[in-house]
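Asks: Input model.cif, format and content: mmCIF, C-alpha atoms.
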```cif
data_upload
loop_
_atom_site.label_atom_id
_atom_site.label_comp_id
_atom_site.auth_asym_id
_atom_site.auth_seq_id
_atom_site.Cartn_x
_atom_site.Cartn_y
_atom_site.Cartn_z
CA MET R 1 28.96 -15.43 14.11
CA ALA R 2 26.31 -12.94 13.03
CA LEU R 3 23.88 -10.59 14.69
CA VAL R 4 20.41 -12.06 14.14
CA ARG R 5 17.36 -9.95 14.82
CA LYS R 6 14.78 -12.70 14.44
CA ILE R 7 14.06 -16.01 12.77
CA ILE R 8 10.62 -16.84 11.39
CA PRO R 9 10.46 -20.66 11.32
CA GLN R 10 7.95 -20.82 8.48
CA SER R 11 7.13 -17.94 6.16
CA THR R 12 5.21 -17.85 2.88
CA VAL R 13 6.07 -14.22 2.03
CA ASP R 14 9.87 -14.43 1.92
CA GLY R 15 10.36 -16.20 -1.36
CA PRO R 16 8.76 -19.14 -3.14
CA GLY R 17 7.06 -21.74 -0.98
CA ASN R 18 7.24 -22.15 2.77
CA ARG R 19 10.64 -20.99 4.04
CA THR R 20 12.62 -20.27 7.18
CA ALA R 21 13.34 -16.53 7.14
CA VAL R 22 16.39 -15.17 8.95
CA PHE R 23 16.63 -11.43 9.56
CA LEU R 24 20.13 -10.14 10.26
CA GLN R 25 20.78 -6.95 12.20
CA GLY R 26 22.18 -3.88 10.48
CA CYS R 27 21.43 -1.86 7.35
CA ASN R 28 23.39 0.64 5.27
CA ILE R 29 20.43 2.74 4.07
CA ARG R 30 17.44 4.36 5.76
CA CYS R 31 14.30 3.90 3.68
CA LEU R 32 11.40 6.18 4.49
CA TYR R 33 9.01 3.23 4.24
CA CYS R 34 11.17 0.71 6.13
CA HIS R 35 8.95 -1.97 7.68
CA ASN R 36 11.75 -3.29 9.90
CA PRO R 37 13.30 -0.11 11.35
CA GLU R 38 14.45 -2.08 14.39
CA THR R 39 16.96 -3.89 12.15
CA GLN R 40 18.69 -0.73 10.91
CA ALA R 41 21.25 -0.16 13.68
CA LEU R 42 24.45 -2.15 13.24
CA HIS R 43 24.31 -3.05 16.92
CA ASP R 44 21.17 -3.46 18.99
CA PRO R 45 20.59 -5.09 22.40
CA GLU R 46 17.59 -6.96 20.98
CA ALA R 47 19.76 -8.71 18.39
CA ARG R 48 21.33 -12.04 19.27
CA GLU R 49 24.77 -13.18 18.24
CA MET R 50 24.34 -16.60 16.67
CA SER R 51 26.69 -19.12 15.11
CA VAL R 52 26.15 -20.86 11.79
CA GLU R 53 25.49 -24.05 13.72
CA GLU R 54 22.76 -22.41 15.81
CA VAL R 55 20.99 -20.96 12.78
CA THR R 56 21.27 -24.25 10.89
CA GLU R 57 19.61 -26.08 13.78
CA GLU R 58 16.70 -23.66 13.52
CA VAL R 59 16.45 -24.53 9.82
CA ARG R 60 16.54 -28.24 10.64
CA LYS R 61 13.42 -27.87 12.80
CA GLY R 62 11.42 -26.87 9.72
CA ILE R 63 12.18 -30.01 7.72
CA PRO R 64 10.19 -31.45 5.93
CA PHE R 65 7.79 -28.51 5.86
CA ILE R 66 10.08 -25.89 4.32
CA ARG R 67 11.54 -25.49 0.83
CA GLY R 68 14.56 -23.57 1.97
CA ILE R 69 15.95 -20.53 3.73
CA THR R 70 15.77 -16.83 2.95
CA VAL R 71 18.14 -14.40 4.65
CA SER R 72 17.08 -10.77 4.88
CA GLY R 73 17.62 -7.86 7.24
CA GLY R 74 18.47 -5.07 7.56
CA GLU R 75 20.87 -5.73 4.72
CA CYS R 76 22.20 -9.26 5.03
CA MET R 77 25.01 -8.69 2.50
CA LEU R 78 26.80 -6.64 5.15
CA GLN R 79 27.56 -10.05 6.71
CA ALA R 80 28.38 -11.83 3.44
CA ASP R 81 31.03 -14.13 4.91
CA PHE R 82 28.49 -15.46 7.39
CA LEU R 83 26.04 -16.06 4.54
CA THR R 84 28.63 -18.09 2.65
CA THR R 85 29.25 -20.37 5.62
CA LEU R 86 25.55 -20.60 6.48
CA PHE R 87 24.44 -21.50 2.96
CA THR R 88 27.22 -24.11 2.75
CA ALA R 89 25.95 -25.63 6.01
CA VAL R 90 22.34 -25.61 4.78
CA LYS R 91 23.38 -27.42 1.60
CA SER R 92 25.10 -30.03 3.77
CA LEU R 93 21.94 -30.32 5.85
CA ALA R 94 19.92 -30.90 2.69
CA ARG R 95 22.19 -33.78 1.69
CA GLU R 96 22.14 -35.22 5.19
CA THR R 97 18.35 -35.22 5.39
CA ASN R 98 17.76 -35.95 1.71
CA HIS R 99 15.46 -32.92 1.68
CA PRO R 100 16.18 -30.21 -0.96
CA LEU R 101 16.73 -26.76 0.56
CA SER R 102 17.27 -23.64 -1.53
CA CYS R 103 19.17 -20.64 -0.19
CA LEU R 104 17.94 -17.16 -1.14
CA ILE R 105 19.03 -13.63 -0.35
CA ASP R 106 16.65 -10.69 0.06
CA SER R 107 18.75 -7.60 -0.62
CA ASN R 108 18.60 -3.87 -1.27
CA GLY R 109 21.33 -4.37 -3.87
CA THR R 110 23.83 -1.86 -2.50
CA VAL R 111 26.63 -4.42 -2.10
CA PRO R 112 28.16 -5.79 -5.35
CA PHE R 113 27.38 -9.50 -5.58
CA GLU R 114 30.19 -10.14 -8.04
CA ARG R 115 32.70 -9.48 -5.26
CA PHE R 116 31.57 -12.65 -3.47
CA PRO R 117 31.98 -15.58 -5.87
CA GLN R 118 32.09 -18.17 -3.08
CA LEU R 119 28.76 -16.95 -1.76
CA MET R 120 27.20 -16.89 -5.20
CA ALA R 121 28.34 -20.49 -5.73
CA VAL R 122 26.10 -21.67 -2.85
CA CYS R 123 23.28 -19.13 -3.36
CA ASP R 124 20.25 -20.20 -5.39
CA GLY R 125 18.97 -16.71 -6.07
CA VAL R 126 18.47 -13.12 -4.99
CA MET R 127 15.29 -11.16 -4.43
CA LEU R 128 16.40 -7.66 -5.42
CA ASP R 129 14.57 -4.66 -3.99
CA VAL R 130 14.70 -1.95 -6.68
CA LYS R 131 13.54 0.97 -4.60
CA ALA R 132 13.72 3.67 -7.29
CA TRP R 133 15.32 4.27 -10.67
CA ASP R 134 15.82 8.02 -10.75
CA THR R 135 18.81 8.95 -8.59
CA ASP R 136 17.08 11.92 -6.96
CA VAL R 137 14.09 9.76 -6.04
CA TYR R 138 16.40 7.08 -4.68
CA GLN R 139 18.30 9.59 -2.56
CA ARG R 140 15.12 11.02 -1.10
CA LEU R 141 13.71 7.59 -0.38
CA THR R 142 16.79 5.91 1.08
CA ARG R 143 19.07 8.78 2.18
CA ALA R 144 21.87 7.00 0.29
CA ASN R 145 24.16 8.56 -2.32
CA ASP R 146 23.02 6.79 -5.48
CA ASN R 147 21.71 3.52 -6.88
CA THR R 148 24.43 2.76 -9.43
CA THR R 149 25.37 -0.48 -7.66
CA VAL R 150 21.73 -1.61 -7.55
CA LYS R 151 21.46 -1.24 -11.33
CA GLN R 152 24.77 -3.03 -11.85
CA ASN R 153 23.58 -5.87 -9.62
CA LEU R 154 20.38 -6.17 -11.63
CA VAL R 155 22.40 -6.77 -14.80
CA TRP R 156 24.94 -9.08 -13.15
CA LEU R 157 22.31 -11.25 -11.45
CA LEU R 158 20.35 -11.56 -14.69
CA LYS R 159 23.44 -12.59 -16.63
CA HIS R 160 24.24 -15.27 -14.06
CA ASP R 161 20.66 -16.58 -13.69
CA LEU R 162 20.57 -15.58 -10.04
CA LEU R 163 17.71 -13.08 -10.07
CA THR R 164 14.80 -14.84 -8.40
CA GLU R 165 12.53 -11.81 -8.15
CA ILE R 166 12.53 -8.03 -8.51
CA ARG R 167 10.63 -6.29 -5.75
CA ILE R 168 9.14 -2.81 -6.03
CA VAL R 169 7.32 -1.13 -3.15
CA CYS R 170 4.55 0.91 -4.75
CA LEU R 171 4.17 4.32 -3.16
CA PRO R 172 2.47 6.85 -5.45
CA ASP R 173 4.01 10.33 -5.69
CA ILE R 174 7.21 9.10 -4.05
CA VAL R 175 8.43 5.95 -5.83
CA ASP R 176 8.82 6.18 -9.62
CA VAL R 177 7.20 2.78 -10.22
CA GLU R 178 6.42 3.12 -13.92
CA THR R 179 9.93 4.42 -14.63
CA ILE R 180 11.38 1.38 -12.84
CA LEU R 181 9.17 -0.95 -14.88
CA HIS R 182 10.21 0.62 -18.18
CA HIS R 183 13.92 0.35 -17.36
CA ILE R 184 13.53 -3.22 -16.13
CA ALA R 185 11.90 -4.13 -19.45
CA GLU R 186 14.76 -2.44 -21.34
CA THR R 187 17.32 -4.34 -19.25
CA PHE R 188 15.53 -7.63 -19.93
CA ASP R 189 15.61 -6.91 -23.67
CA PHE R 190 19.28 -5.99 -23.52
CA ILE R 191 20.33 -9.09 -21.57
CA GLY R 192 17.88 -11.44 -23.25
CA LYS R 193 16.69 -12.82 -19.91
CA ASN R 194 14.00 -11.91 -17.42
CA ALA R 195 12.74 -12.48 -13.90
CA PRO R 196 9.37 -12.07 -12.20
CA VAL R 197 8.46 -8.66 -10.82
CA ARG R 198 6.53 -8.32 -7.58
CA LEU R 199 4.57 -5.11 -7.06
CA LEU R 200 4.30 -4.65 -3.32
CA ARG R 201 1.57 -2.36 -2.07
CA PHE R 202 2.99 0.06 0.50
CA ARG R 203 1.58 -0.60 3.95
CA PRO R 204 2.33 1.66 6.92
CA HIS R 205 2.54 -1.24 9.39
CA GLY R 206 5.80 -0.92 11.33
CA VAL R 207 6.80 2.28 9.53
CA ILE R 208 8.02 5.20 11.64
CA GLY R 209 8.63 8.83 10.69
CA GLU R 210 6.97 10.89 7.97
CA LEU R 211 5.26 7.94 6.25
CA ALA R 212 3.87 6.35 9.41
CA ASN R 213 0.36 7.56 8.56
CA HIS R 214 0.70 7.66 4.79
CA PRO R 215 -2.25 6.04 2.97
CA MET R 216 -1.81 2.79 1.08
CA PRO R 217 -2.10 2.87 -2.72
CA THR R 218 -5.66 2.44 -3.91
CA ASP R 219 -6.79 -0.54 -5.96
CA GLU R 220 -7.03 1.80 -8.94
CA GLN R 221 -3.41 2.93 -8.53
CA MET R 222 -2.20 -0.65 -8.22
CA ALA R 223 -4.21 -1.54 -11.32
CA CYS R 224 -2.41 1.23 -13.24
CA TYR R 225 0.95 -0.24 -12.25
CA ALA R 226 -0.28 -3.66 -13.30
CA ASP R 227 -1.41 -2.28 -16.66
CA CYS R 228 2.03 -0.73 -17.16
CA ALA R 229 3.80 -4.02 -16.36
CA ARG R 230 1.42 -5.91 -18.64
CA SER R 231 2.00 -3.49 -21.52
CA LEU R 232 5.75 -4.09 -21.16
CA HIS R 233 5.22 -7.86 -21.27
CA LEU R 234 6.61 -8.31 -17.77
CA ALA R 235 5.73 -11.31 -15.67
CA PHE R 236 4.43 -9.77 -12.46
CA SER R 237 2.39 -10.34 -9.35
CA ILE R 238 0.79 -7.98 -6.84
CA LYS R 239 1.10 -8.43 -3.12
#
```
Translate this structure into C-alpha cells?

Replies:
Amino acid sequence: MALVRKIIPQSTVDGPGNRTAVFLQGCNIRCLYCHNPETQALHDPEAREMSVEEVTEEVRKGIPFIRGITVSGGECMLQADFLTTLFTAVKSLARETNHPLSCLIDSNGTVPFERFPQLMAVCDGVMLDVKAWDTDVYQRLTRANDNTTVKQNLVWLLKHDLLTEIRIVCLPDIVDVETILHHIAETFDFIGKNAPVRLLRFRPHGVIGELANHPMPTDEQMACYADCARSLHLAFSIK
C-alpha cells in the first residue's frame, strides 16, 4: 500500500510521450518553489491509500494510449518498496496486453538509488531534479542539509544508463543554473556518457510562501541559459 495524492491518467509533461502520472504523498525536503506543496506532508487527509493492484488498474485504463507510467510526488523514493512491486506489476500488465509500458521515476535525488537494486531492475529510467549545485544555494532552496547524495546519484545513474533526463528549474538570482550546467558537462566528460537536460522556466502557479509572487524568468534570461548549455555541448530543451 502507498499514500497516493493523485493520478493523472494521461500526461505529456511527465516524461517522454503520453504517460500515466502517479503522485505519491510525502516529501523529505521543502523547496521554496514547490509546485505541489500539498504533497509535502507525510500524511494528509486528501491522500488515498492505494494498493498496487488499484494503481495498476488505473494504468490499464490508459492502454493503448499511453507509453508508460511515471511516479512522482512528493518524493516517491520514500516509498521505494511500493515502487518495486508496482513497476513489476506494470511490466506484467505490458506482457499481458502486449503493449510496451516503460516505468520512470521523477525524483529529487536525495535517496540513494544504488540501495534498491530490485527496484532499479524494473525501472526504465529516472528524471533527476538537480535543484542546485552549490551547497549553500541548495540549503537555502530546499531547507535540506546538503546535496551530496544528489550528485552521487547523478554519477550512479549515468554509469548504469538509467538517467532519462536532468531537470533544472530556472530561477535567476536564486538557482545557480550556469554552475549546474558546467558541472553536469564535467560529469558527462568524466563518465563518458550523457543525458538530456531540461531547462524548466520557474512558474509561480501553485507556489506558496516567499516565491508565490516571484516573476518568471524572461525570454532573455532563458536564452542565456540555453546559450550556456549550447556552449557546453549539452543536449537540452526548454519548457

Asks: Evaluated on this file, the PyMOL selection byres ((chain R and resi 226-231) around 10) picks out some residues - which ones are they, written as a PyMOL selection string?

Replies: chain R and resi 177-182+184-185+197+199+220-225+232-238

Asks: Skipping near chain neighbours, those fewer than 2 positions away, what residues fall within 9 Å of segment 6-18 of chain R using only C-alpha atoms, listed as a list in words?

Replies: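 Counting only C-alpha atoms, the residues come to Val4, Thr20, Ala21, Val22, Phe23, Leu24, Gln25, Ala47, Arg48, Val55, Glu58, Val59, Lys61, Gly62, Phe65, Ile66, Arg67, Gly68, Ile69, Thr70, Val71, Ser72, Leu104, Asp106, Met127, Thr164 and Glu165 of chain R.
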
Asks: Quick one: which residues end up in the PyMOL selection byres ((chain R and resi 121) around 12) for this structure, as a PyMOL selection string?

Replies: chain R and resi 83-85+87-88+91+103-104+113-120+122-125+160-162

Asks: Which one is closest to Leu154 of chain R: R:Asp129, R:Asp176, R:Glu57, R:Asp136? Count all atoms listed in the file.

Replies: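 The answer is R:Asp129, which sits nearest to Leu154 of chain R.
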
Asks: Show me, as lines of an AutoDock Vina configuration file, the centre and edge lengths in Å to one decimal of the axis-aligned box that covers every listed atom of segment 153-164 of chain R with 3 Å on each side.

Replies:
```
center_x = 19.9
center_y = -11.2
center_z = -12.5
size_x = 16.1
size_y = 16.7
size_z = 14.2
```

Asks: Between atom CA of Glu46 of chain R and atom CA of Gly74 of chain R, what is the distance in Å, rounded to a tenth?

Replies: 13.6 Å

Asks: Leaving out segment 35-41 of chain R and any residue of its chain fewer than 3 positions from it, which residues lie within 8 Å of it when counting all atoms listed in the file, given as a ChimeraX atom specification?

Replies: /R:5,23-30,44,73-74,204-208

Asks: When distances are computed from all atoms listed in the file, which of R:Met77, R:Leu3, R:Leu93, R:Val130 shows the smallest separation from Cys31 of chain R?

Replies: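 Residue with the minimum atom-to-atom distance to Cys31 of chain R: R:Val130.
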
Asks: Report the distance between atom CA of Val175 of chain R and atom CA of Val137 of chain R in Å, rounded to one decimal place.

Replies: 6.8 Å
